[in-house]
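Participant: For reference, the file data12.pdb (PDB, C-alpha atoms) is included below:
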ATOM      1  CA  MET A   1    -165.140-140.806   7.705
ATOM      2  CA  ALA A   2    -166.511-137.688   9.331
ATOM      3  CA  VAL A   3    -170.186-137.304  10.124
ATOM      4  CA  VAL A   4    -171.753-134.699   7.819
ATOM      5  CA  PHE A   5    -175.297-135.043   9.097
ATOM      6  CA  GLU A   6    -176.969-136.921  11.935
ATOM      7  CA  LYS A   7    -180.115-136.432  13.982
ATOM      8  CA  THR A   8    -179.746-133.756  16.659
ATOM      9  CA  LYS A   9    -179.876-134.699  20.358
ATOM     10  CA  MET A  10    -182.527-132.038  20.922
ATOM     11  CA  LEU A  11    -185.099-134.282  19.200
ATOM     12  CA  THR A  12    -186.374-137.428  20.901
ATOM     13  CA  ASP A  13    -186.539-140.825  19.205
ATOM     14  CA  ALA A  14    -190.362-140.717  19.058
ATOM     15  CA  PRO A  15    -191.579-141.250  15.472
ATOM     16  CA  LEU A  16    -193.265-138.108  14.092
ATOM     17  CA  HIS A  17    -197.016-138.490  13.513
ATOM     18  CA  TYR A  18    -197.037-136.036  10.565
ATOM     19  CA  CYS A  19    -198.285-137.140   7.139
ATOM     20  CA  PRO A  20    -195.682-138.201   4.540
ATOM     21  CA  GLY A  21    -194.216-135.123   2.845
ATOM     22  CA  CYS A  22    -195.314-132.649   5.543
ATOM     23  CA  THR A  23    -192.559-130.130   6.256
ATOM     24  CA  HIS A  24    -193.418-129.799   9.964
ATOM     25  CA  GLY A  25    -190.713-132.426  10.584
ATOM     26  CA  ILE A  26    -188.103-130.246   8.863
ATOM     27  CA  ALA A  27    -189.154-127.217  10.941
ATOM     28  CA  HIS A  28    -188.923-129.282  14.154
ATOM     29  CA  ARG A  29    -185.449-130.448  13.203
ATOM     30  CA  LEU A  30    -184.223-126.927  12.379
ATOM     31  CA  VAL A  31    -185.432-125.518  15.702
ATOM     32  CA  ALA A  32    -183.854-128.456  17.576
ATOM     33  CA  GLU A  33    -180.543-128.107  15.708
ATOM     34  CA  VAL A  34    -180.397-124.372  16.450
ATOM     35  CA  LEU A  35    -181.136-124.999  20.147
ATOM     36  CA  GLU A  36    -178.256-127.484  20.251
ATOM     37  CA  GLU A  37    -175.892-125.119  18.422
ATOM     38  CA  ILE A  38    -176.551-122.173  20.740
ATOM     39  CA  GLY A  39    -176.008-124.450  23.760
ATOM     40  CA  ALA A  40    -179.547-124.106  25.069
ATOM     41  CA  GLU A  41    -179.751-127.698  26.323
ATOM     42  CA  GLY A  42    -181.012-127.755  29.907
ATOM     43  CA  HIS A  43    -182.333-124.187  29.932
ATOM     44  CA  VAL A  44    -184.932-124.052  27.196
ATOM     45  CA  VAL A  45    -188.726-124.292  27.462
ATOM     46  CA  GLY A  46    -190.989-124.747  24.453
ATOM     47  CA  VAL A  47    -194.700-124.106  24.188
ATOM     48  CA  ALA A  48    -196.707-126.455  21.954
ATOM     49  CA  PRO A  49    -199.832-125.242  20.136
ATOM     50  CA  VAL A  50    -203.168-126.794  19.293
ATOM     51  CA  GLY A  51    -203.131-128.038  15.708
ATOM     52  CA  CYS A  52    -201.007-130.517  13.799
ATOM     53  CA  ALA A  53    -198.003-129.738  16.029
ATOM     54  CA  VAL A  54    -199.959-130.489  19.214
ATOM     55  CA  PHE A  55    -197.656-133.420  20.011
ATOM     56  CA  ALA A  56    -194.510-131.267  19.678
ATOM     57  CA  TYR A  57    -193.896-131.950  23.375
ATOM     58  CA  ASN A  58    -193.180-135.578  22.480
ATOM     59  CA  TYR A  59    -190.577-134.626  19.885
ATOM     60  CA  PHE A  60    -188.463-131.840  21.410
ATOM     61  CA  ASN A  61    -185.934-133.069  23.945
ATOM     62  CA  CYS A  62    -186.526-130.151  26.324
ATOM     63  CA  ASP A  63    -189.140-128.957  28.790
ATOM     64  CA  MET A  64    -192.421-128.346  26.973
ATOM     65  CA  GLN A  65    -195.768-126.875  27.925
ATOM     66  CA  GLU A  66    -199.021-127.363  26.035
ATOM     67  CA  ALA A  67    -201.082-124.180  25.674
ATOM     68  CA  ALA A  68    -204.797-123.673  25.078
ATOM     69  CA  HIS A  69    -205.731-122.982  21.446
ATOM     70  CA  GLY A  70    -203.918-119.853  20.253
ATOM     71  CA  ARG A  71    -202.584-118.942  23.693
ATOM     72  CA  ALA A  72    -198.983-120.115  23.231
ATOM     73  CA  PRO A  73    -197.475-116.568  23.199
ATOM     74  CA  ALA A  74    -199.331-115.733  26.443
ATOM     75  CA  VAL A  75    -198.102-118.942  28.114
ATOM     76  CA  ALA A  76    -194.579-118.326  26.790
ATOM     77  CA  THR A  77    -194.753-114.767  28.198
ATOM     78  CA  GLY A  78    -195.536-116.172  31.642
ATOM     79  CA  ILE A  79    -192.744-118.743  31.500
ATOM     80  CA  LYS A  80    -190.186-116.177  30.307
ATOM     81  CA  ARG A  81    -191.128-113.604  32.949
ATOM     82  CA  VAL A  82    -190.995-116.129  35.803
ATOM     83  CA  THR A  83    -187.807-117.853  34.603
ATOM     84  CA  PRO A  84    -185.916-115.242  32.529
ATOM     85  CA  GLN A  85    -182.778-117.419  32.532
ATOM     86  CA  ASN A  86    -184.552-119.846  30.192
ATOM     87  CA  ILE A  87    -184.807-119.574  26.418
ATOM     88  CA  VAL A  88    -188.528-119.751  25.650
ATOM     89  CA  PHE A  89    -190.104-120.441  22.287
ATOM     90  CA  ALA A  90    -193.625-121.006  21.012
ATOM     91  CA  TYR A  91    -194.266-123.205  17.976
ATOM     92  CA  GLN A  92    -197.601-122.466  16.290
ATOM     93  CA  GLY A  93    -199.519-123.143  13.117
ATOM     94  CA  ASP A  94    -201.567-120.633  11.126
ATOM     95  CA  GLY A  95    -204.979-121.756  12.385
ATOM     96  CA  ASP A  96    -203.671-121.395  15.933
ATOM     97  CA  LEU A  97    -201.681-118.162  15.618
ATOM     98  CA  ALA A  98    -203.466-116.134  12.943
ATOM     99  CA  SER A  99    -207.047-117.013  13.860
ATOM    100  CA  ILE A 100    -207.992-117.771  17.458
ATOM    101  CA  GLY A 101    -204.599-116.615  18.748
ATOM    102  CA  MET A 102    -204.463-113.295  16.889
ATOM    103  CA  ALA A 103    -204.888-111.208  20.059
ATOM    104  CA  GLU A 104    -202.200-113.104  21.964
ATOM    105  CA  ILE A 105    -199.561-112.879  19.232
ATOM    106  CA  VAL A 106    -200.194-109.199  18.485
ATOM    107  CA  HIS A 107    -200.047-108.209  22.146
ATOM    108  CA  ALA A 108    -197.030-110.387  22.955
ATOM    109  CA  ALA A 109    -195.253-108.735  20.010
ATOM    110  CA  ALA A 110    -196.451-105.247  20.991
ATOM    111  CA  ARG A 111    -195.166-105.741  24.546
ATOM    112  CA  GLY A 112    -191.825-106.840  23.101
ATOM    113  CA  GLU A 113    -191.719-110.041  25.154
ATOM    114  CA  LYS A 114    -188.266-111.671  24.975
ATOM    115  CA  ILE A 115    -189.559-114.865  23.388
ATOM    116  CA  THR A 116    -189.200-116.508  19.976
ATOM    117  CA  VAL A 117    -192.263-117.578  18.007
ATOM    118  CA  ILE A 118    -191.969-120.095  15.175
ATOM    119  CA  PHE A 119    -195.025-119.723  12.936
ATOM    120  CA  ILE A 120    -195.813-122.510  10.453
ATOM    121  CA  ASN A 121    -197.932-121.160   7.601
ATOM    122  CA  ASN A 122    -199.455-123.871   5.407
ATOM    123  CA  THR A 123    -202.553-121.828   4.455
ATOM    124  CA  ILE A 124    -204.975-124.387   5.891
ATOM    125  CA  TYR A 125    -206.264-126.024   9.075
ATOM    126  CA  GLY A 126    -204.400-129.344   8.874
ATOM    127  CA  MET A 127    -205.428-131.299  11.959
ATOM    128  CA  THR A 128    -209.163-130.725  11.671
ATOM    129  CA  GLY A 129    -209.358-131.758   8.022
ATOM    130  CA  GLY A 130    -208.496-128.887   5.708
ATOM    131  CA  GLN A 131    -210.799-125.984   6.557
ATOM    132  CA  MET A 132    -210.078-122.448   5.341
ATOM    133  CA  ALA A 133    -207.590-120.567   7.536
ATOM    134  CA  PRO A 134    -207.012-116.785   7.761
ATOM    135  CA  THR A 135    -203.944-117.402   5.578
ATOM    136  CA  THR A 136    -205.705-119.383   2.804
ATOM    137  CA  LEU A 137    -204.895-117.821  -0.581
ATOM    138  CA  ILE A 138    -207.539-116.270  -2.825
ATOM    139  CA  GLY A 139    -208.825-119.021  -5.117
ATOM    140  CA  GLU A 140    -207.362-121.826  -2.993
ATOM    141  CA  LYS A 141    -209.824-124.618  -2.243
ATOM    142  CA  ALA A 142    -210.566-125.852   1.278
ATOM    143  CA  THR A 143    -213.403-127.884   2.776
ATOM    144  CA  THR A 144    -215.157-124.672   3.896
ATOM    145  CA  CYS A 145    -214.622-122.878   0.564
ATOM    146  CA  ILE A 146    -214.986-125.650  -1.967
ATOM    147  CA  TYR A 147    -215.007-123.342  -4.996
ATOM    148  CA  GLY A 148    -211.906-121.496  -3.839
ATOM    149  CA  ARG A 149    -211.548-118.584  -1.407
ATOM    150  CA  ASP A 150    -213.484-115.549  -2.555
ATOM    151  CA  ALA A 151    -212.304-112.164  -1.223
ATOM    152  CA  GLU A 152    -215.846-110.739  -1.343
ATOM    153  CA  LYS A 153    -217.353-113.563   0.691
ATOM    154  CA  ASN A 154    -214.435-114.839   2.803
ATOM    155  CA  GLY A 155    -212.167-111.817   3.146
ATOM    156  CA  ASN A 156    -208.507-111.562   2.258
ATOM    157  CA  PRO A 157    -205.598-113.576   3.655
ATOM    158  CA  ILE A 158    -203.539-112.076   6.487
ATOM    159  CA  LYS A 159    -199.807-111.485   6.136
ATOM    160  CA  MET A 160    -198.548-111.926   9.689
ATOM    161  CA  CYS A 161    -194.947-110.778   9.173
ATOM    162  CA  GLU A 162    -196.027-107.494   7.578
ATOM    163  CA  LEU A 163    -198.673-106.976  10.255
ATOM    164  CA  LEU A 164    -196.307-107.532  13.193
ATOM    165  CA  ALA A 165    -193.530-105.494  11.557
ATOM    166  CA  THR A 166    -195.628-102.339  12.046
ATOM    167  CA  LEU A 167    -195.270-102.707  15.835
ATOM    168  CA  THR A 168    -192.446-101.282  17.945
ATOM    169  CA  GLY A 169    -191.957-104.361  20.168
ATOM    170  CA  PRO A 170    -190.535-106.979  17.781
ATOM    171  CA  SER A 171    -186.783-107.010  17.214
ATOM    172  CA  TYR A 172    -186.547-109.622  14.467
ATOM    173  CA  ILE A 173    -189.139-110.757  11.905
ATOM    174  CA  GLU A 174    -188.360-112.914   8.890
ATOM    175  CA  ARG A 175    -190.307-115.126   6.478
ATOM    176  CA  VAL A 176    -188.653-118.279   5.093
ATOM    177  CA  ALA A 177    -189.800-121.315   3.081
ATOM    178  CA  LEU A 178    -188.958-125.009   3.075
ATOM    179  CA  TYR A 179    -189.320-126.065  -0.566
ATOM    180  CA  ASP A 180    -185.719-127.094  -1.299
ATOM    181  CA  ALA A 181    -182.466-127.858   0.508
ATOM    182  CA  ALA A 182    -181.027-124.366  -0.089
ATOM    183  CA  HIS A 183    -184.084-122.689   1.429
ATOM    184  CA  VAL A 184    -184.037-125.139   4.348
ATOM    185  CA  ARG A 185    -180.475-123.994   5.081
ATOM    186  CA  MET A 186    -181.600-120.343   4.844
ATOM    187  CA  ALA A 187    -184.489-121.088   7.192
ATOM    188  CA  LYS A 188    -182.062-122.497   9.741
ATOM    189  CA  LYS A 189    -179.969-119.312   9.594
ATOM    190  CA  ALA A 190    -183.117-117.235  10.170
ATOM    191  CA  ILE A 191    -184.182-119.361  13.159
ATOM    192  CA  LYS A 192    -180.694-119.086  14.626
ATOM    193  CA  LYS A 193    -180.813-115.300  14.263
ATOM    194  CA  ALA A 194    -184.203-115.172  15.976
ATOM    195  CA  PHE A 195    -182.933-117.181  18.953
ATOM    196  CA  THR A 196    -179.782-115.027  19.066
ATOM    197  CA  HIS A 197    -182.020-111.960  19.454
ATOM    198  CA  GLN A 198    -183.643-113.633  22.452
ATOM    199  CA  VAL A 199    -180.293-114.684  23.972
ATOM    200  CA  GLU A 200    -179.088-111.074  23.614
ATOM    201  CA  ASN A 201    -182.329-109.872  25.229
ATOM    202  CA  ARG A 202    -183.215-107.585  22.310
ATOM    203  CA  GLY A 203    -186.936-108.257  22.064
ATOM    204  CA  PHE A 204    -189.619-110.341  20.439
ATOM    205  CA  SER A 205    -188.484-112.490  17.516
ATOM    206  CA  PHE A 206    -190.788-114.089  14.968
ATOM    207  CA  ILE A 207    -190.076-116.515  12.107
ATOM    208  CA  GLU A 208    -192.815-117.388   9.613
ATOM    209  CA  ILE A 209    -192.140-120.640   7.749
ATOM    210  CA  LEU A 210    -194.015-121.343   4.507
ATOM    211  CA  SER A 211    -194.807-125.019   4.828
ATOM    212  CA  SER A 212    -196.673-127.629   2.807
ATOM    213  CA  CYS A 213    -199.767-129.727   3.544
ATOM    214  CA  PRO A 214    -199.960-132.399   0.801
ATOM    215  CA  THR A 215    -202.834-134.268   2.485
ATOM    216  CA  ASN A 216    -205.279-131.369   2.775
ATOM    217  CA  TRP A 217    -204.218-129.647  -0.421
ATOM    218  CA  GLY A 218    -204.923-132.941  -2.239
ATOM    219  CA  MET A 219    -201.468-132.978  -3.802
ATOM    220  CA  THR A 220    -198.416-135.232  -3.907
ATOM    221  CA  PRO A 221    -195.478-134.034  -1.771
ATOM    222  CA  GLU A 222    -193.743-132.896  -4.985
ATOM    223  CA  GLN A 223    -196.748-130.861  -6.175
ATOM    224  CA  ALA A 224    -197.123-129.391  -2.682
ATOM    225  CA  LEU A 225    -193.539-128.101  -2.659
ATOM    226  CA  ALA A 226    -194.113-126.585  -6.116
ATOM    227  CA  PHE A 227    -197.242-124.834  -4.748
ATOM    228  CA  VAL A 228    -195.184-123.349  -1.891
ATOM    229  CA  LYS A 229    -192.524-122.184  -4.343
ATOM    230  CA  THR A 230    -194.934-120.536  -6.780
ATOM    231  CA  ASP A 231    -198.379-119.554  -5.472
ATOM    232  CA  MET A 232    -197.513-119.178  -1.800
ATOM    233  CA  GLN A 233    -194.205-117.421  -2.320
ATOM    234  CA  ASN A 234    -195.817-114.992  -4.768
ATOM    235  CA  PHE A 235    -198.326-113.848  -2.170
ATOM    236  CA  TYR A 236    -196.077-114.229   0.896
ATOM    237  CA  PRO A 237    -192.688-112.797  -0.170
ATOM    238  CA  LEU A 238    -189.633-114.100   1.685
ATOM    239  CA  GLY A 239    -187.284-111.789   3.521
ATOM    240  CA  VAL A 240    -186.472-109.873   6.680
ATOM    241  CA  PHE A 241    -189.320-107.552   7.660
ATOM    242  CA  LYS A 242    -187.830-106.057  10.773
ATOM    243  CA  GLU A 243    -184.448-106.138  12.421
ATOM    244  CA  VAL A 244    -183.414-104.030  15.380
ATOM    245  CA  THR A 245    -179.637-103.963  15.467
ATOM    246  CA  GLU A 246    -178.872-102.222  18.780
TER     247      GLU A 246
ATOM    248  CA  MET B 247    -166.238-141.037  -0.904
ATOM    249  CA  ALA B 248    -169.445-140.530   0.986
ATOM    250  CA  LYS B 249    -171.874-142.861   2.667
ATOM    251  CA  ILE B 250    -175.501-142.418   3.628
ATOM    252  CA  THR B 251    -177.408-144.590   6.088
ATOM    253  CA  ILE B 252    -181.170-144.894   5.698
ATOM    254  CA  LYS B 253    -183.232-145.822   8.769
ATOM    255  CA  LYS B 254    -185.852-147.676   6.750
ATOM    256  CA  GLU B 255    -188.244-148.361   9.630
ATOM    257  CA  SER B 256    -188.837-144.581  10.060
ATOM    258  CA  CYS B 257    -189.154-143.741   6.340
ATOM    259  CA  LYS B 258    -192.588-142.625   5.101
ATOM    260  CA  GLY B 259    -191.655-142.794   1.420
ATOM    261  CA  CYS B 260    -192.617-139.155   0.788
ATOM    262  CA  GLY B 261    -189.827-138.755  -1.766
ATOM    263  CA  LEU B 262    -188.631-135.279  -0.720
ATOM    264  CA  CYS B 263    -185.072-136.662  -0.597
ATOM    265  CA  VAL B 264    -185.476-138.117  -4.100
ATOM    266  CA  LEU B 265    -186.349-134.623  -5.394
ATOM    267  CA  SER B 266    -183.422-132.973  -3.630
ATOM    268  CA  CYS B 267    -180.584-135.305  -4.692
ATOM    269  CA  PRO B 268    -178.423-133.392  -7.234
ATOM    270  CA  LYS B 269    -177.029-136.693  -8.576
ATOM    271  CA  LYS B 270    -180.466-138.401  -8.795
ATOM    272  CA  LEU B 271    -179.211-141.386  -6.795
ATOM    273  CA  LEU B 272    -182.288-141.969  -4.649
ATOM    274  CA  GLN B 273    -185.494-143.760  -5.573
ATOM    275  CA  ILE B 274    -188.562-145.186  -3.853
ATOM    276  CA  SER B 275    -188.029-148.948  -3.642
ATOM    277  CA  GLY B 276    -190.539-151.769  -4.078
ATOM    278  CA  THR B 277    -190.144-152.965  -0.486
ATOM    279  CA  SER B 278    -192.281-151.666   2.349
ATOM    280  CA  ASN B 279    -191.533-151.275   6.065
ATOM    281  CA  LYS B 280    -193.751-152.347   8.958
ATOM    282  CA  ASN B 281    -195.870-149.190   8.588
ATOM    283  CA  GLY B 282    -196.632-150.103   4.978
ATOM    284  CA  TYR B 283    -194.623-147.288   3.377
ATOM    285  CA  PHE B 284    -192.473-147.999   0.334
ATOM    286  CA  VAL B 285    -189.090-146.875   1.591
ATOM    287  CA  VAL B 286    -186.354-144.955  -0.165
ATOM    288  CA  GLU B 287    -183.130-146.600  -1.369
ATOM    289  CA  ILE B 288    -179.861-145.434  -2.909
ATOM    290  CA  THR B 289    -178.991-146.793  -6.342
ATOM    291  CA  ASP B 290    -175.238-146.120  -6.444
ATOM    292  CA  MET B 291    -173.477-145.371  -3.145
ATOM    293  CA  LYS B 292    -170.109-144.790  -4.871
ATOM    294  CA  ALA B 293    -171.522-141.829  -6.822
ATOM    295  CA  CYS B 294    -172.768-140.083  -3.652
ATOM    296  CA  ILE B 295    -170.991-136.764  -3.034
ATOM    297  CA  GLY B 296    -172.143-136.404   0.582
ATOM    298  CA  CYS B 297    -173.863-133.026   0.078
ATOM    299  CA  ALA B 298    -176.541-133.974   2.652
ATOM    300  CA  SER B 299    -179.336-132.323   0.637
ATOM    301  CA  CYS B 300    -181.421-135.472   1.156
ATOM    302  CA  ALA B 301    -180.892-135.292   4.917
ATOM    303  CA  MET B 302    -181.773-131.558   4.855
ATOM    304  CA  MET B 303    -185.126-132.292   3.201
ATOM    305  CA  CYS B 304    -186.067-135.443   5.149
ATOM    306  CA  PRO B 305    -188.878-134.528   7.578
ATOM    307  CA  ASP B 306    -188.266-137.646   9.679
ATOM    308  CA  CYS B 307    -184.463-137.580  10.119
ATOM    309  CA  VAL B 308    -184.222-140.959   8.376
ATOM    310  CA  ILE B 309    -180.935-140.238   6.602
ATOM    311  CA  SER B 310    -177.508-139.751   8.178
ATOM    312  CA  VAL B 311    -174.502-138.801   6.060
ATOM    313  CA  GLU B 312    -170.787-139.487   6.417
ATOM    314  CA  LYS B 313    -167.984-138.239   4.197
TER     315      LYS B 313
END
Represent the supplied structure as structure tokens.
Facilitator:
Amino acid sequence: MAVVFEKTKMLTDAPLHYCPGCTHGIAHRLVAEVLEEIGAEGHVVGVAPVGCAVFAYNYFNCDMQEAAHGRAPAVATGIKRVTPQNIVFAYQGDGDLASIGMAEIVHAAARGEKITVIFINNTIYGMTGGQMAPTTLIGEKATTCIYGRDAEKNGNPIKMCELLATLTGPSYIERVALYDAAHVRMAKKAIKKAFTHQVENRGFSFIEILSSCPTNWGMTPEQALAFVKTDMQNFYPLGVFKEVTE
Amino acid sequence: MAKITIKKESCKGCGLCVLSCPKKLLQISGTSNKNGYFVVEITDMKACIGCASCAMMCPDCVISVEK
């Protein structure tokens, strides 16, 4: 019997602390599998964010650095410039990247730093208990907008892929989702492409992953995946937003 | 013939694998692990086609698949 699927060596044996049904674990696994497939073992450095994925350094079987809130792209820039032989990636959530870290991500992208950023968008602040994030959908409830987000009062959600695609620096930008096995496989292809852009020294690569948060959305894992597939995907369309081929 | 192995001590019983199985062979069992989660089980191993959709969707790498 041949092995069809087993846990990648690029993940440690530490049990994940994520809530049941959270797709952070899938995203971790995809990044780790891609790192193994491109032969990055031994020369890869990850940067962990502040947020639900703050313990990412316990889970990835590679060198990791914890960054201050939102500053992962700046830290990753430093690591990549000092040790350009390493593959460097930052793994961030939406509260980290699109709110407090907005300046860092925009400028890292504008400078065209040769790093890869994995952006988990679950439209809410997960770790701190479900507050409204810059990515929260209009009408979606959170603990700081209990009647649903109102565009007049709270502003409109930010589409990070579209925003960064207007810049010259990025070489690859794609949005993927993790609501079924087929889309998980597509997400892996996208992540692999992003890391390939870094290996080939083309420029800044960015993957936005539409992810679920059953706990803070007040849903079962099944309902949460359905929410990603319908409401989230309607507002955040999937696809490649920028690809520099030369 | 395919075979899946479920690492029950790491399962959180979220049921994402149950949703993804095209043959509907997985279900949440009545037995819990040391963390108190009702773990997943396979009802008919012989009917498994080894597509690994369950393993693709498992956030905790609980399932390994052989074919």
Participant: Compile a residue-level contact table for chain A against chain B at a cut-off of 10 Å, reporting for every qualifying residue the shortest atom pair and its distance in Å to one decimal, with only C-alpha atoms counted, rows ordered by chain and ascending number, as JSON lines.
Facilitator:
{"residue": "A:Met1", "atom": "CA", "partner": "B:Lys313", "partner_atom": "CA", "distance": 5.2}
{"residue": "A:Ala2", "atom": "CA", "partner": "B:Lys313", "partner_atom": "CA", "distance": 5.4}
{"residue": "A:Val3", "atom": "CA", "partner": "B:Glu312", "partner_atom": "CA", "distance": 4.3}
{"residue": "A:Val4", "atom": "CA", "partner": "B:Glu312", "partner_atom": "CA", "distance": 5.1}
{"residue": "A:Phe5", "atom": "CA", "partner": "B:Val311", "partner_atom": "CA", "distance": 4.9}
{"residue": "A:Glu6", "atom": "CA", "partner": "B:Ser310", "partner_atom": "CA", "distance": 4.7}
{"residue": "A:Lys7", "atom": "CA", "partner": "B:Cys307", "partner_atom": "CA", "distance": 5.9}
{"residue": "A:Thr8", "atom": "CA", "partner": "B:Cys307", "partner_atom": "CA", "distance": 8.9}
{"residue": "A:Leu11", "atom": "CA", "partner": "B:Cys307", "partner_atom": "CA", "distance": 9.7}
{"residue": "A:Asp13", "atom": "CA", "partner": "B:Cys307", "partner_atom": "CA", "distance": 9.9}
{"residue": "A:Ala14", "atom": "CA", "partner": "B:Ser256", "partner_atom": "CA", "distance": 9.9}
{"residue": "A:Pro15", "atom": "CA", "partner": "B:Ser256", "partner_atom": "CA", "distance": 6.9}
{"residue": "A:Leu16", "atom": "CA", "partner": "B:Asp306", "partner_atom": "CA", "distance": 6.7}
{"residue": "A:His17", "atom": "CA", "partner": "B:Asp306", "partner_atom": "CA", "distance": 9.6}
{"residue": "A:Tyr18", "atom": "CA", "partner": "B:Pro305", "partner_atom": "CA", "distance": 8.8}
{"residue": "A:Cys19", "atom": "CA", "partner": "B:Lys258", "partner_atom": "CA", "distance": 8.2}
{"residue": "A:Pro20", "atom": "CA", "partner": "B:Cys260", "partner_atom": "CA", "distance": 4.9}
{"residue": "A:Gly21", "atom": "CA", "partner": "B:Cys260", "partner_atom": "CA", "distance": 4.8}
{"residue": "A:Cys22", "atom": "CA", "partner": "B:Pro305", "partner_atom": "CA", "distance": 7.0}
{"residue": "A:Thr23", "atom": "CA", "partner": "B:Pro305", "partner_atom": "CA", "distance": 5.9}
{"residue": "A:His24", "atom": "CA", "partner": "B:Pro305", "partner_atom": "CA", "distance": 7.0}
{"residue": "A:Gly25", "atom": "CA", "partner": "B:Pro305", "partner_atom": "CA", "distance": 4.1}
{"residue": "A:Ile26", "atom": "CA", "partner": "B:Pro305", "partner_atom": "CA", "distance": 4.5}
{"residue": "A:Ala27", "atom": "CA", "partner": "B:Pro305", "partner_atom": "CA", "distance": 8.1}
{"residue": "A:His28", "atom": "CA", "partner": "B:Pro305", "partner_atom": "CA", "distance": 8.4}
{"residue": "A:Arg29", "atom": "CA", "partner": "B:Pro305", "partner_atom": "CA", "distance": 7.7}
{"residue": "A:Leu30", "atom": "CA", "partner": "B:Met302", "partner_atom": "CA", "distance": 9.2}
{"residue": "A:Leu178", "atom": "CA", "partner": "B:Met303", "partner_atom": "CA", "distance": 8.2}
{"residue": "A:Tyr179", "atom": "CA", "partner": "B:Met303", "partner_atom": "CA", "distance": 8.4}
{"residue": "A:Asp180", "atom": "CA", "partner": "B:Ser266", "partner_atom": "CA", "distance": 6.7}
{"residue": "A:Ala181", "atom": "CA", "partner": "B:Ser299", "partner_atom": "CA", "distance": 5.5}
{"residue": "A:Ala182", "atom": "CA", "partner": "B:Ser299", "partner_atom": "CA", "distance": 8.2}
{"residue": "A:His183", "atom": "CA", "partner": "B:Met302", "partner_atom": "CA", "distance": 9.8}
{"residue": "A:Val184", "atom": "CA", "partner": "B:Met302", "partner_atom": "CA", "distance": 6.8}
{"residue": "A:Arg185", "atom": "CA", "partner": "B:Met302", "partner_atom": "CA", "distance": 7.7}
{"residue": "A:Pro214", "atom": "CA", "partner": "B:Cys260", "partner_atom": "CA", "distance": 10.0}
{"residue": "A:Thr220", "atom": "CA", "partner": "B:Cys260", "partner_atom": "CA", "distance": 8.4}
{"residue": "A:Pro221", "atom": "CA", "partner": "B:Cys260", "partner_atom": "CA", "distance": 6.4}
{"residue": "A:Glu222", "atom": "CA", "partner": "B:Leu262", "partner_atom": "CA", "distance": 7.1}
{"residue": "A:Leu225", "atom": "CA", "partner": "B:Leu262", "partner_atom": "CA", "distance": 8.9}
Participant: Residues as selected, C-alpha atoms, written as a tab-separated table (two decimals), keeping the file's coordinate frame, can you do that?
Facilitator:
chain	number	residue	atom	x	y	z
A	1	MET	CA	-165.14	-140.81	7.70
A	2	ALA	CA	-166.51	-137.69	9.33
A	3	VAL	CA	-170.19	-137.30	10.12
A	4	VAL	CA	-171.75	-134.70	7.82
A	5	PHE	CA	-175.30	-135.04	9.10
A	6	GLU	CA	-176.97	-136.92	11.94
A	7	LYS	CA	-180.12	-136.43	13.98
A	8	THR	CA	-179.75	-133.76	16.66
A	11	LEU	CA	-185.10	-134.28	19.20
A	13	ASP	CA	-186.54	-140.82	19.20
A	14	ALA	CA	-190.36	-140.72	19.06
A	15	PRO	CA	-191.58	-141.25	15.47
A	16	LEU	CA	-193.26	-138.11	14.09
A	17	HIS	CA	-197.02	-138.49	13.51
A	18	TYR	CA	-197.04	-136.04	10.56
A	19	CYS	CA	-198.28	-137.14	7.14
A	20	PRO	CA	-195.68	-138.20	4.54
A	21	GLY	CA	-194.22	-135.12	2.84
A	22	CYS	CA	-195.31	-132.65	5.54
A	23	THR	CA	-192.56	-130.13	6.26
A	24	HIS	CA	-193.42	-129.80	9.96
A	25	GLY	CA	-190.71	-132.43	10.58
A	26	ILE	CA	-188.10	-130.25	8.86
A	27	ALA	CA	-189.15	-127.22	10.94
A	28	HIS	CA	-188.92	-129.28	14.15
A	29	ARG	CA	-185.45	-130.45	13.20
A	30	LEU	CA	-184.22	-126.93	12.38
A	178	LEU	CA	-188.96	-125.01	3.08
A	179	TYR	CA	-189.32	-126.06	-0.57
A	180	ASP	CA	-185.72	-127.09	-1.30
A	181	ALA	CA	-182.47	-127.86	0.51
A	182	ALA	CA	-181.03	-124.37	-0.09
A	183	HIS	CA	-184.08	-122.69	1.43
A	184	VAL	CA	-184.04	-125.14	4.35
A	185	ARG	CA	-180.48	-123.99	5.08
A	214	PRO	CA	-199.96	-132.40	0.80
A	220	THR	CA	-198.42	-135.23	-3.91
A	221	PRO	CA	-195.48	-134.03	-1.77
A	222	GLU	CA	-193.74	-132.90	-4.99
A	225	LEU	CA	-193.54	-128.10	-2.66
Participant: Specify as a list in words each residue included when the PyMOL selection byres ((chain A and resi 36) around 12) is applied to this file.
Facilitator: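 Going through the file, the PyMOL selection byres ((chain A and resi 36) around 12) ends up selecting Lys7, Thr8, Lys9, Met10, Leu11, Arg29, Leu30, Val31, Ala32, Glu33, Val34, Leu35, Glu37, Ile38, Gly39, Ala40, Glu41, Gly42, His43, Val44, Phe60, Asn61, Cys62, Ile87, Lys192 and Phe195 of chain A.
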Participant: Evaluated on this file, the PyMOL selection byres ((chain A and resi 94) around 8) picks out some residues - which ones are they, written as a ChimeraX atom specification?
Facilitator: /A:92-93,95-99,119-125,133-135
Participant: Distance atom CA of Asp150 of chain A-atom CA of Gln131 of chain A, one decimal place?
Facilitator: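 Computed distance, atom CA of Asp150 of chain A to atom CA of Gln131 of chain A, equals 14.1 Å.
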Participant: If we count all atoms listed in the file and set the cut-off at 9 Å, which residues sit around Val228 of chain A, ignoring sequence neighbours fewer than 2 positions away in its own chain? Please answer as JSON, numbers by chain.
Facilitator: {"A": [122, 177, 178, 179, 210, 211, 212, 223, 224, 225, 226, 230, 231, 232, 233, 234]}
